[in-house]
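Participant: My file is structure34.txt. It has compact mmCIF, C-alpha atoms (C1' of nucleotides):
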```
# COMPACT_ATOMS: atom_id res chain seq x y z
CA MET A 1 0.00 0.00 0.00
CA THR A 2 1.44 3.31 -1.00
CA ASN A 3 0.16 6.40 0.75
CA ASN A 4 -0.31 4.66 4.04
CA PRO A 5 -2.75 6.49 6.30
CA PHE A 6 -0.60 5.46 9.26
CA GLN A 7 2.60 7.33 8.86
CA ASP A 8 4.42 7.06 12.14
CA LEU A 9 5.03 3.32 12.23
CA LYS A 10 7.87 1.49 13.89
CA THR A 11 9.80 -1.07 11.91
CA LEU A 12 10.67 -4.50 13.24
CA GLN A 13 13.06 -7.11 11.85
CA VAL A 14 12.06 -10.67 12.66
CA LYS A 15 13.72 -13.99 11.99
CA LYS A 16 11.88 -16.88 10.38
CA GLY A 17 9.90 -18.70 13.03
CA THR A 18 9.42 -15.71 15.32
CA VAL A 19 5.98 -15.56 16.91
CA LEU A 20 4.64 -12.01 16.81
CA LEU A 21 1.31 -12.75 18.47
CA ALA A 22 0.42 -15.90 20.38
CA LYS A 23 -3.09 -17.23 20.73
CA GLY A 24 -4.73 -15.97 23.92
CA GLN A 25 -2.68 -12.79 24.10
CA HIS A 26 -4.16 -9.35 23.81
CA SER A 27 -2.99 -7.99 20.54
CA ARG A 28 -1.39 -4.61 20.68
CA TYR A 29 -0.36 -4.44 17.06
CA ALA A 30 -1.47 -5.06 13.55
CA TYR A 31 1.40 -5.80 11.19
CA GLN A 32 2.13 -4.54 7.74
CA VAL A 33 4.69 -6.65 5.93
CA VAL A 34 7.44 -4.74 4.14
CA LYS A 35 9.62 -7.72 3.32
CA GLY A 36 9.27 -11.45 3.87
CA CYS A 37 6.08 -13.25 4.79
CA LEU A 38 3.93 -13.87 7.87
CA LYS A 39 1.17 -16.37 8.55
CA SER A 40 -1.71 -16.52 11.00
CA TYR A 41 -2.96 -19.91 12.10
CA VAL A 42 -4.95 -21.88 14.63
CA GLU A 43 -4.24 -25.29 16.11
CA ASP A 44 -6.99 -27.88 16.49
CA GLU A 45 -7.28 -30.28 19.45
CA ALA A 46 -5.00 -32.74 17.70
CA GLY A 47 -2.35 -30.02 17.46
CA LYS A 48 -2.72 -29.70 13.71
CA GLU A 49 -2.01 -26.27 12.30
CA HIS A 50 -4.57 -24.56 10.05
CA ILE A 51 -3.46 -21.45 8.22
CA VAL A 52 -5.93 -18.59 8.22
CA GLN A 53 -3.89 -16.09 6.23
CA PHE A 54 -0.59 -15.48 4.51
CA ALA A 55 0.81 -11.96 4.49
CA PRO A 56 3.58 -11.32 1.97
CA GLU A 57 4.93 -7.89 1.08
CA GLY A 58 2.33 -5.14 1.17
CA TRP A 59 -0.23 -7.11 3.18
CA TYR A 60 -1.65 -6.43 6.60
CA ILE A 61 -2.17 -9.12 9.16
CA SER A 62 -3.65 -9.14 12.65
CA ASP A 63 -6.22 -10.80 14.87
CA MET A 64 -8.92 -8.24 14.21
CA ASN A 65 -11.12 -9.17 17.12
CA SER A 66 -8.20 -8.78 19.46
CA PHE A 67 -6.82 -5.66 17.82
CA PHE A 68 -10.15 -3.85 17.47
CA ASN A 69 -12.04 -5.13 20.49
CA GLY A 70 -9.38 -6.13 22.96
CA ALA A 71 -10.44 -9.78 22.85
CA GLU A 72 -8.00 -12.64 23.35
CA ALA A 73 -6.32 -13.52 20.09
CA ALA A 74 -7.84 -16.57 18.39
CA VAL A 75 -4.87 -16.99 16.09
CA THR A 76 -1.10 -17.08 16.33
CA ILE A 77 0.93 -14.88 14.01
CA ALA A 78 4.45 -15.92 13.04
CA ALA A 79 7.12 -15.21 10.44
CA ILE A 80 7.62 -17.88 7.79
CA GLU A 81 10.58 -16.03 6.31
CA ASP A 82 13.02 -13.50 7.74
CA SER A 83 10.82 -10.44 7.55
CA GLU A 84 10.54 -6.73 8.03
CA VAL A 85 7.22 -5.50 9.40
CA LEU A 86 5.66 -2.17 10.31
CA LEU A 87 3.94 -2.08 13.67
CA MET A 88 0.58 -0.41 13.75
CA ASP A 89 -0.28 0.29 17.35
CA ARG A 90 -3.78 0.02 18.78
CA SER A 91 -3.51 3.66 19.75
CA LEU A 92 -3.11 4.46 16.06
CA HIS A 93 -6.31 2.61 15.45
CA GLU A 94 -7.98 4.57 18.22
CA ARG A 95 -6.77 7.65 16.49
CA ALA A 96 -8.91 6.70 13.52
CA LYS A 97 -11.52 8.76 15.32
CA SER A 98 -9.59 11.90 14.51
CA MET A 99 -8.29 10.76 11.17
CA PRO A 100 -8.81 12.86 8.05
CA GLN A 101 -11.82 11.76 6.01
CA GLU A 102 -9.66 10.67 3.12
CA ASP A 103 -7.48 8.36 5.22
CA LEU A 104 -10.52 6.90 6.89
CA LEU A 105 -12.01 6.09 3.51
CA GLN A 106 -8.82 4.36 2.47
CA TYR A 107 -8.87 2.40 5.69
CA LEU A 108 -12.48 1.45 4.96
CA LYS A 109 -11.52 0.35 1.48
CA ILE A 110 -8.82 -1.96 2.79
CA THR A 111 -11.31 -3.47 5.20
CA GLN A 112 -13.86 -4.03 2.46
CA ASN A 113 -11.33 -5.73 0.23
CA ASN A 114 -10.51 -7.96 3.12
CA ILE A 115 -14.15 -9.02 3.36
CA ILE A 116 -14.35 -9.70 -0.34
CA ALA A 117 -11.29 -11.95 -0.16
CA LEU A 118 -12.64 -13.76 2.90
CA ASN A 119 -15.97 -14.35 1.19
CA LYS A 120 -14.27 -15.81 -1.83
CA ARG A 121 -12.25 -18.16 0.34
CA LEU A 122 -15.38 -19.18 2.25
CA ILE A 123 -17.22 -19.97 -0.97
CA LEU A 124 -14.30 -22.04 -2.22
CA LEU A 125 -14.18 -24.01 1.02
CA LEU A 126 -17.92 -24.63 0.95
CA SER A 127 -18.35 -25.53 -2.68
CA SER A 128 -15.09 -26.76 -4.21
CA THR A 129 -12.92 -29.85 -4.14
CA ALA A 130 -9.33 -29.81 -2.93
CA GLN A 131 -8.12 -29.79 -6.54
CA GLU A 132 -10.27 -26.83 -7.47
CA ARG A 133 -9.05 -24.89 -4.45
CA TYR A 134 -5.46 -25.64 -5.34
CA LEU A 135 -5.97 -24.53 -8.94
CA ASP A 136 -7.55 -21.32 -7.68
CA PHE A 137 -4.63 -20.77 -5.32
CA ILE A 138 -1.97 -21.09 -8.01
CA THR A 139 -3.78 -18.65 -10.26
CA THR A 140 -4.63 -16.20 -7.47
CA TYR A 141 -1.24 -16.32 -5.71
CA PRO A 142 1.27 -17.58 -8.29
CA SER A 143 4.20 -15.95 -6.52
CA LEU A 144 3.34 -17.64 -3.24
CA VAL A 145 3.32 -21.05 -4.90
CA GLN A 146 6.97 -20.59 -5.83
CA ARG A 147 7.88 -19.33 -2.46
CA LEU A 148 6.04 -21.28 0.22
CA PRO A 149 6.57 -24.87 1.32
CA LEU A 150 3.75 -27.05 0.03
CA LYS A 151 2.77 -28.15 3.50
CA LEU A 152 1.82 -24.56 4.33
CA ILE A 153 -0.24 -24.27 1.16
CA ALA A 154 -1.95 -27.56 2.03
CA SER A 155 -2.77 -26.19 5.46
CA TYR A 156 -4.23 -23.04 3.88
CA LEU A 157 -6.32 -25.12 1.49
CA GLY A 158 -7.66 -27.23 4.33
CA ILE A 159 -6.03 -30.51 3.25
CA THR A 160 -3.04 -32.62 4.28
CA PRO A 161 0.38 -32.30 2.58
CA GLU A 162 0.02 -35.92 1.49
CA PHE A 163 -3.19 -35.24 -0.32
CA LEU A 164 -1.87 -32.06 -1.93
CA SER A 165 1.01 -34.12 -3.21
CA ARG A 166 -1.48 -36.47 -4.85
CA VAL A 167 -3.48 -33.62 -6.32
CA ARG A 168 -0.33 -32.19 -7.87
CA LYS A 169 0.72 -35.55 -9.24
CA LYS A 170 -2.65 -36.00 -10.86
CA LEU A 171 -2.53 -32.50 -12.38
CA ALA A 172 1.02 -33.04 -13.66
CA SER A 173 0.01 -36.22 -15.46
CA LYS A 174 -2.35 -34.27 -17.70
CA MET B 1 -28.63 -1.36 14.23
CA THR B 2 -29.98 1.74 15.86
CA ASN B 3 -28.78 5.09 14.58
CA ASN B 4 -28.43 3.95 11.02
CA PRO B 5 -26.07 6.18 9.08
CA PHE B 6 -28.26 5.68 6.03
CA GLN B 7 -31.51 7.37 6.78
CA ASP B 8 -33.36 7.73 3.53
CA LEU B 9 -33.95 4.07 2.71
CA LYS B 10 -36.78 2.56 0.71
CA THR B 11 -38.72 -0.34 2.14
CA LEU B 12 -39.57 -3.46 0.18
CA GLN B 13 -41.95 -6.31 1.02
CA VAL B 14 -40.91 -9.65 -0.44
CA LYS B 15 -42.56 -13.05 -0.42
CA LYS B 16 -40.70 -16.19 0.61
CA GLY B 17 -38.68 -17.43 -2.32
CA THR B 18 -38.23 -14.05 -4.00
CA VAL B 19 -34.79 -13.58 -5.53
CA LEU B 20 -33.48 -10.11 -4.74
CA LEU B 21 -30.16 -10.49 -6.50
CA ALA B 22 -29.22 -13.20 -8.97
CA LYS B 23 -25.70 -14.42 -9.56
CA GLY B 24 -24.07 -12.55 -12.44
CA GLN B 25 -26.13 -9.41 -12.02
CA HIS B 26 -24.67 -6.08 -11.07
CA SER B 27 -25.86 -5.39 -7.59
CA ARG B 28 -27.48 -2.05 -7.11
CA TYR B 29 -28.54 -2.59 -3.51
CA ALA B 30 -27.43 -3.85 -0.18
CA TYR B 31 -30.31 -5.07 1.98
CA GLN B 32 -31.04 -4.51 5.62
CA VAL B 33 -33.59 -6.94 6.97
CA VAL B 34 -36.36 -5.42 9.07
CA LYS B 35 -38.52 -8.51 9.32
CA GLY B 36 -38.14 -12.07 8.04
CA CYS B 37 -34.93 -13.64 6.82
CA LEU B 38 -32.77 -13.65 3.68
CA LYS B 39 -29.99 -15.94 2.54
CA SER B 40 -27.09 -15.59 0.13
CA TYR B 41 -25.83 -18.70 -1.61
CA VAL B 42 -23.81 -20.14 -4.46
CA GLU B 43 -24.50 -23.19 -6.56
CA ASP B 44 -21.74 -25.64 -7.45
CA GLU B 45 -21.44 -27.40 -10.82
CA ALA B 46 -23.70 -30.18 -9.57
CA GLY B 47 -26.35 -27.57 -8.82
CA LYS B 48 -25.98 -27.99 -5.08
CA GLU B 49 -26.72 -24.90 -3.04
CA HIS B 50 -24.18 -23.65 -0.49
CA ILE B 51 -25.32 -20.95 1.91
CA VAL B 52 -22.87 -18.13 2.47
CA GLN B 53 -24.91 -16.07 4.90
CA PHE B 54 -28.23 -15.83 6.69
CA ALA B 55 -29.67 -12.39 7.38
CA PRO B 56 -32.46 -12.29 9.95
CA GLU B 57 -33.85 -9.09 11.48
CA GLY B 58 -31.26 -6.36 11.93
CA TRP B 59 -28.68 -7.89 9.61
CA TYR B 60 -27.25 -6.56 6.38
CA ILE B 61 -26.70 -8.70 3.34
CA SER B 62 -25.22 -8.04 -0.08
CA ASP B 63 -22.63 -9.21 -2.55
CA MET B 64 -19.94 -6.81 -1.42
CA ASN B 65 -17.72 -7.15 -4.44
CA SER B 66 -20.65 -6.33 -6.67
CA PHE B 67 -22.03 -3.59 -4.46
CA PHE B 68 -18.70 -1.87 -3.78
CA ASN B 69 -16.82 -2.54 -6.98
CA GLY B 70 -19.48 -3.06 -9.60
CA ALA B 71 -18.40 -6.66 -10.18
CA GLU B 72 -20.81 -9.37 -11.23
CA ALA B 73 -22.50 -10.88 -8.21
CA ALA B 74 -20.97 -14.19 -7.12
CA VAL B 75 -23.93 -15.06 -4.94
CA THR B 76 -27.69 -15.12 -5.22
CA ILE B 77 -29.74 -13.42 -2.51
CA ALA B 78 -33.25 -14.67 -1.79
CA ALA B 79 -35.93 -14.50 0.89
CA ILE B 80 -36.41 -17.64 2.97
CA GLU B 81 -39.40 -16.12 4.78
CA ASP B 82 -41.86 -13.38 3.84
CA SER B 83 -39.68 -10.39 4.63
CA GLU B 84 -39.44 -6.65 4.85
CA VAL B 85 -36.13 -5.17 3.76
CA LEU B 86 -34.57 -1.72 3.52
CA LEU B 87 -32.86 -0.95 0.24
CA MET B 88 -29.50 0.71 0.50
CA ASP B 89 -28.63 2.08 -2.89
CA ARG B 90 -25.10 2.11 -4.31
CA SER B 91 -25.35 5.86 -4.55
CA LEU B 92 -25.75 5.94 -0.79
CA HIS B 93 -22.57 4.00 -0.48
CA GLU B 94 -20.85 6.38 -2.86
CA ARG B 95 -21.96 9.13 -0.57
CA ALA B 96 -19.70 7.66 2.11
CA LYS B 97 -17.21 10.10 0.66
CA SER B 98 -19.18 13.00 2.04
CA MET B 99 -20.40 11.25 5.17
CA PRO B 100 -19.89 12.81 8.60
CA GLN B 101 -16.90 11.37 10.42
CA GLU B 102 -19.06 9.74 13.05
CA ASP B 103 -21.24 7.87 10.56
CA LEU B 104 -18.20 6.74 8.64
CA LEU B 105 -16.73 5.28 11.81
CA GLN B 106 -19.93 3.42 12.50
CA TYR B 107 -19.89 2.12 8.96
CA LEU B 108 -16.30 1.02 9.46
CA LYS B 109 -17.26 -0.72 12.69
CA ILE B 110 -19.98 -2.73 10.98
CA THR B 111 -17.50 -3.75 8.32
CA GLN B 112 -14.95 -4.84 10.90
CA ASN B 113 -17.49 -6.93 12.78
CA ASN B 114 -18.31 -8.58 9.52
CA ILE B 115 -14.67 -9.58 9.08
CA ILE B 116 -14.48 -10.95 12.59
CA ALA B 117 -17.53 -13.13 11.99
CA LEU B 118 -16.18 -14.32 8.63
CA ASN B 119 -12.87 -15.21 10.21
CA LYS B 120 -14.56 -17.24 12.89
CA ARG B 121 -16.54 -19.13 10.28
CA LEU B 122 -13.40 -19.75 8.24
CA ILE B 123 -11.57 -21.13 11.24
CA LEU B 124 -14.48 -23.44 12.05
CA LEU B 125 -14.57 -24.73 8.48
CA LEU B 126 -10.83 -25.31 8.45
CA SER B 127 -10.39 -26.90 11.83
CA SER B 128 -13.63 -28.45 13.09
CA THR B 129 -15.77 -31.49 12.40
CA ALA B 130 -19.37 -31.23 11.22
CA GLN B 131 -20.57 -31.96 14.75
CA GLU B 132 -18.46 -29.20 16.26
CA ARG B 133 -19.70 -26.73 13.67
CA TYR B 134 -23.30 -27.68 14.39
CA LEU B 135 -22.78 -27.29 18.13
CA ASP B 136 -21.25 -23.88 17.54
CA PHE B 137 -24.15 -22.92 15.32
CA ILE B 138 -26.82 -23.78 17.88
CA THR B 139 -25.04 -21.80 20.58
CA THR B 140 -24.20 -18.86 18.32
CA TYR B 141 -27.59 -18.65 16.57
CA PRO B 142 -30.12 -20.40 18.84
CA SER B 143 -33.04 -18.47 17.41
CA LEU B 144 -32.16 -19.49 13.86
CA VAL B 145 -32.11 -23.15 14.82
CA GLN B 146 -35.76 -22.90 15.81
CA ARG B 147 -36.68 -21.02 12.75
CA LEU B 148 -34.82 -22.41 9.77
CA PRO B 149 -35.30 -25.73 8.00
CA LEU B 150 -32.46 -28.09 8.85
CA LYS B 151 -31.47 -28.49 5.24
CA LEU B 152 -30.56 -24.81 5.11
CA ILE B 153 -28.52 -25.12 8.28
CA ALA B 154 -26.77 -28.16 6.80
CA SER B 155 -25.97 -26.15 3.69
CA TYR B 156 -24.54 -23.35 5.85
CA LEU B 157 -22.42 -25.83 7.80
CA GLY B 158 -21.05 -27.34 4.60
CA ILE B 159 -22.65 -30.77 5.00
CA THR B 160 -25.64 -32.67 3.59
CA PRO B 161 -29.04 -32.73 5.33
CA GLU B 162 -28.63 -36.49 5.68
CA PHE B 163 -25.43 -36.15 7.59
CA LEU B 164 -26.79 -33.37 9.78
CA SER B 165 -29.64 -35.69 10.63
CA ARG B 166 -27.12 -38.29 11.78
CA VAL B 167 -25.16 -35.76 13.79
CA ARG B 168 -28.34 -34.71 15.57
CA LYS B 169 -29.33 -38.28 16.27
CA LYS B 170 -25.94 -38.98 17.77
CA LEU B 171 -26.13 -35.85 19.94
CA ALA B 172 -29.67 -36.67 21.07
CA SER B 173 -28.62 -40.12 22.22
CA LYS B 174 -26.29 -38.60 24.80
C1' DC C 1 -60.90 -32.08 5.13
C1' DA C 2 -57.75 -34.68 1.75
C1' DC C 3 -53.97 -34.38 -1.15
C1' DA C 4 -49.62 -32.61 -2.72
C1' DT C 5 -45.27 -30.91 -1.67
C1' DT C 6 -41.57 -30.20 1.04
C1' DT C 7 -38.78 -31.63 5.00
C1' DC C 8 -36.65 -35.01 7.85
C1' DT C 9 -34.89 -39.49 8.82
C1' DT C 10 -32.78 -44.08 8.05
C1' DA C 11 -29.85 -47.35 5.84
C1' DA C 12 -26.40 -49.29 2.58
C1' DA C 13 -22.94 -48.51 -0.72
C1' DC C 14 -19.52 -45.48 -1.89
C1' DC C 15 -15.73 -41.79 -2.22
C1' DA C 16 -12.75 -37.75 -1.20
C1' DG C 17 -9.54 -37.00 1.66
C1' DA C 18 -7.12 -38.48 6.24
C1' DT C 19 -3.90 -41.32 8.69
C1' DC C 20 0.08 -44.11 9.27
C1' DA C 21 4.43 -45.55 7.91
C1' DA C 22 8.36 -45.93 4.93
C1' DT C 23 11.37 -43.79 1.43
C1' DT C 24 13.23 -40.21 -1.13
C1' DT C 25 14.46 -35.54 -2.05
C1' DC C 26 15.67 -30.96 -0.48
C1' DT C 27 17.75 -27.60 2.87
C1' DT C 28 20.74 -25.89 5.96
C1' DA C 29 24.49 -25.72 9.15
C1' DT C 30 28.90 -26.99 10.10
C1' DA D 1 31.48 -31.96 1.28
C1' DT D 2 28.72 -34.13 4.58
C1' DA D 3 25.63 -34.98 8.22
C1' DA D 4 21.07 -34.05 9.98
C1' DG D 5 16.91 -32.37 9.85
C1' DA D 6 12.88 -30.82 7.28
C1' DA D 7 9.93 -31.27 3.17
C1' DA D 8 7.85 -34.02 -0.27
C1' DT D 9 6.34 -38.36 -2.26
C1' DT D 10 4.25 -42.94 -2.27
C1' DG D 11 1.54 -46.97 -0.82
C1' DA D 12 -1.80 -49.24 2.24
C1' DT D 13 -5.52 -48.64 4.96
C1' DC D 14 -9.15 -46.18 7.25
C1' DT D 15 -12.97 -42.71 8.13
C1' DG D 16 -16.03 -38.65 7.94
C1' DG D 17 -19.12 -37.40 5.08
C1' DT D 18 -21.74 -38.17 0.35
C1' DT D 19 -24.92 -40.51 -2.57
C1' DT D 20 -28.85 -42.90 -3.60
C1' DA D 21 -33.11 -44.49 -2.47
C1' DA D 22 -37.01 -45.08 0.31
C1' DG D 23 -40.25 -44.14 3.84
C1' DA D 24 -42.17 -41.07 7.63
C1' DA D 25 -43.37 -36.61 9.37
C1' DA D 26 -44.56 -32.05 8.77
C1' DT D 27 -46.52 -28.22 6.12
C1' DG D 28 -49.04 -25.97 2.85
C1' DT D 29 -53.18 -25.50 -0.22
C1' DG D 30 -57.56 -25.96 -2.83
```
What is this structure when it is put down as structure tokens?

Facilitator:
Amino acid sequence: MTNNPFQDLKTLQVKKGTVLLAKGQHSRYAYQVVKGCLKSYVEDEAGKEHIVQFAPEGWYISDMNSFFNGAEAAVTIAAIEDSEVLLMDRSLHERAKSMPQEDLLQYLKITQNNIIALNKRLILLLSSTAQERYLDFITTYPSLVQRLPLKLIASYLGITPEFLSRVRKKLASK
Amino acid sequence: MTNNPFQDLKTLQVKKGTVLLAKGQHSRYAYQVVKGCLKSYVEDEAGKEHIVQFAPEGWYISDMNSFFNGAEAAVTIAAIEDSEVLLMDRSLHERAKSMPQEDLLQYLKITQNNIIALNKRLILLLSSTAQERYLDFITTYPSLVQRLPLKLIASYLGITPEFLSRVRKKLASK
DNA sequence: CACATTTCTTAAACCAGATCAATTTCTTAT
DNA sequence: ATAAGAAATTGATCTGGTTTAAGAAATGTG
């Protein structure tokens, strides 16, 4: 995002694997990724990780319910590459109240795009097979396919790495 | 929602089954439900219906990508009960640009709550069994459980009516 | 009221995707 | 370079949920 409505942000360098927000914590920050890539995820009872979101360069990531409403974070946010992130403090969000109209509208726009993306993902999960979701992923996020380990993509798609491997094999044989 | 930022809305009475927005159309309106209940859904290749959202009294429903960005609607919106809805015209949304700060913030808040709910649903779909999702549904939307046919709830949960029936039988036997 | 239509349930066969376990790449650090 | 761990593939087996089909219960409608 050029022309960021939040100008006075602190930069943070994090190593791959660093946890920026752990489930259950109260989130003080939202993160904008300048370089590298973050993920947010939940763990089920069996300890299996399910990826909610990837955030490569230019993307925001946070636990919105925690960041906006002070709730306990439902997700964990961690770096999957060495990354550089901008910290957007809750107080900055509070300051939205006194933000210029134009910045507020841009903020609103970002939020709306977020909803649109979430809705698309929801529809895919509800109505498509694993193969269809994978095909959508590689066309929607071609650069991420190159970059991310397949097991993370599988987790995002809601399938096991083993099954993704089979899906890919089947696609390759065509 | 009390204190609606959009005051000058037109009311519409619709019979059960009425389609307010069909997939592929350009959505002119977002709908606020005053009475009754709407649904938005997609159909897969097999013609099976998958419910994206229910909108009972007080809820908003629209195809955001169509409403905000003029895209073709991905979902169909229809009444599942005789309903009364408020029409929020695109032009009203455009007028956000000249909206008082306070109204814009309220608008933003609604949008953020929407994201939070979508995220919760996504996490449930990714990490829970059909039974867990049903249990969450009956605690989160107890009034809808009374009111809606089970086959619609099954569609919302991402399972077949037959399997929901089995889940309920299993739960009842405890 | 009776009849039609839709909804809900039950059961058996079936399938997409999971699990478990072993093997083969691919990374990464030393 | 090489060792060691992590990622990816493959095969065998299993399971949560689907499909198909049929009957039972509820709901609407002339």

Participant: Based on all atoms listed in the file, which of the residues in chain B come within 10 Å of chain C? I want them as a CSV table (one decimal) with C-alpha atoms, keeping the file's coordinate frame.

Facilitator:
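This is the output file result24.csv:
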```csv
chain,number,residue,atom,x,y,z
B,149,PRO,CA,-35.3,-25.7,8.0
B,150,LEU,CA,-32.5,-28.1,8.8
B,151,LYS,CA,-31.5,-28.5,5.2
B,161,PRO,CA,-29.0,-32.7,5.3
B,162,GLU,CA,-28.6,-36.5,5.7
B,165,SER,CA,-29.6,-35.7,10.6
B,166,ARG,CA,-27.1,-38.3,11.8
B,169,LYS,CA,-29.3,-38.3,16.3
```

Participant: Residues of chain B no more than 10 Å from chain D, counting all atoms listed in the file: send them over as a list in words.

Facilitator: Thr129, Ala130, Ile159, Thr160, Glu162, Phe163 and Leu164 of chain B

Participant: So what do you get for CA of Val33 (chain A) versus CA of Glu57 (chain A), distance-wise?

Facilitator: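 Interatomic distance, CA of Val33 (chain A) to CA of Glu57 (chain A): 5.0 Å.
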
Participant: Counting all atoms listed in the file, give me one row per residue of chain A with an atom at most 9 Å from an atom of chain B, showing the shortest contact pair and its distance in Å to one decimal, sorted by chain then residue number, as a tab-separated table.

Facilitator:
```
residue	atom	partner	partner_atom	distance
A:Tyr41	CA	B:Ile123	CA	8.7
A:Val42	CA	B:Ile123	CA	7.5
A:Glu43	CA	B:Ser127	CA	7.7
A:Asp44	CA	B:Ser127	CA	5.9
A:Glu45	CA	B:Ser127	CA	8.9
A:Lys48	CA	B:Ser127	CA	8.4
A:Glu49	CA	B:Ser127	CA	8.4
A:His50	CA	B:Leu126	CA	6.5
A:Ile51	CA	B:Leu126	CA	8.3
A:Val52	CA	B:Ile123	CA	6.9
A:Asp63	CA	B:Ile116	CA	8.6
A:Met64	CA	B:Ile116	CA	6.4
A:Asn65	CA	B:Ile116	CA	5.9
A:Phe68	CA	B:Gln112	CA	8.2
A:Ala74	CA	B:Lys120	CA	8.7
A:Ala96	CA	B:Leu105	CA	8.1
A:Lys97	CA	B:Leu105	CA	7.2
A:Ser98	CA	B:Gln101	CA	8.4
A:Met99	CA	B:Gln101	CA	8.7
A:Pro100	CA	B:Gln101	CA	8.6
A:Gln101	CA	B:Gln101	CA	6.7
A:Glu102	CA	B:Lys97	CA	8.0
A:Leu104	CA	B:Leu104	CA	7.9
A:Leu105	CA	B:Lys97	CA	7.2
A:Tyr107	CA	B:Leu108	CA	8.4
A:Leu108	CA	B:Leu108	CA	5.9
A:Thr111	CA	B:Gln112	CA	6.9
A:Gln112	CA	B:Thr111	CA	6.9
A:Asn113	CA	B:Asn65	CA	8.0
A:Asn114	CA	B:Ile115	CA	7.4
A:Ile115	CA	B:Ile115	CA	5.8
A:Ile116	CA	B:Asn65	CA	5.9
A:Leu118	CA	B:Leu118	CA	6.8
A:Asn119	CA	B:Leu118	CA	7.4
A:Lys120	CA	B:Ala74	CA	8.7
A:Arg121	CA	B:Leu122	CA	8.1
A:Leu122	CA	B:Leu122	CA	6.3
A:Ile123	CA	B:Val52	CA	6.9
A:Leu125	CA	B:Leu125	CA	7.5
A:Leu126	CA	B:Gly158	CA	5.5
A:Ser127	CA	B:Asp44	CA	5.9
A:Ser128	CA	B:Asp44	CA	7.5
A:Ser155	CA	B:Leu126	CA	8.6
A:Tyr156	CA	B:Leu126	CA	8.3
A:Leu157	CA	B:Leu126	CA	8.3
A:Gly158	CA	B:Leu126	CA	5.5
A:Ile159	CA	B:Leu126	CA	8.8
```

Participant: CA of Glu132 (chain B) to CA of Lys174 (chain B): how many Å, to one decimal?

Facilitator: 14.9 Å

Participant: CA of Cys37 (chain B) to CA of Glu94 (chain B): how many Å, to one decimal?

Facilitator: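 Answer for the CA of Cys37 (chain B) to CA of Glu94 (chain B) separation: 26.3 Å.
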
Participant: With only C-alpha atoms as the atoms that count, which of B:Lys35, B:Glu84, B:Ala71, B:Gly58 lies nearest to Leu20 (chain B)?

Facilitator: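 For Leu20 (chain B), the nearest of the candidates is B:Glu84.
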
Participant: If I put a ball of radius 9 Å at (-30.5, -15.7, 9.6) in the file's coordinates, which residues poke into it when counting all atoms listed in the file, written as JSON, numbers by chain?

Facilitator: {"B": [36, 37, 38, 39, 53, 54, 55, 56, 57, 59, 141, 143, 144, 147, 148]}
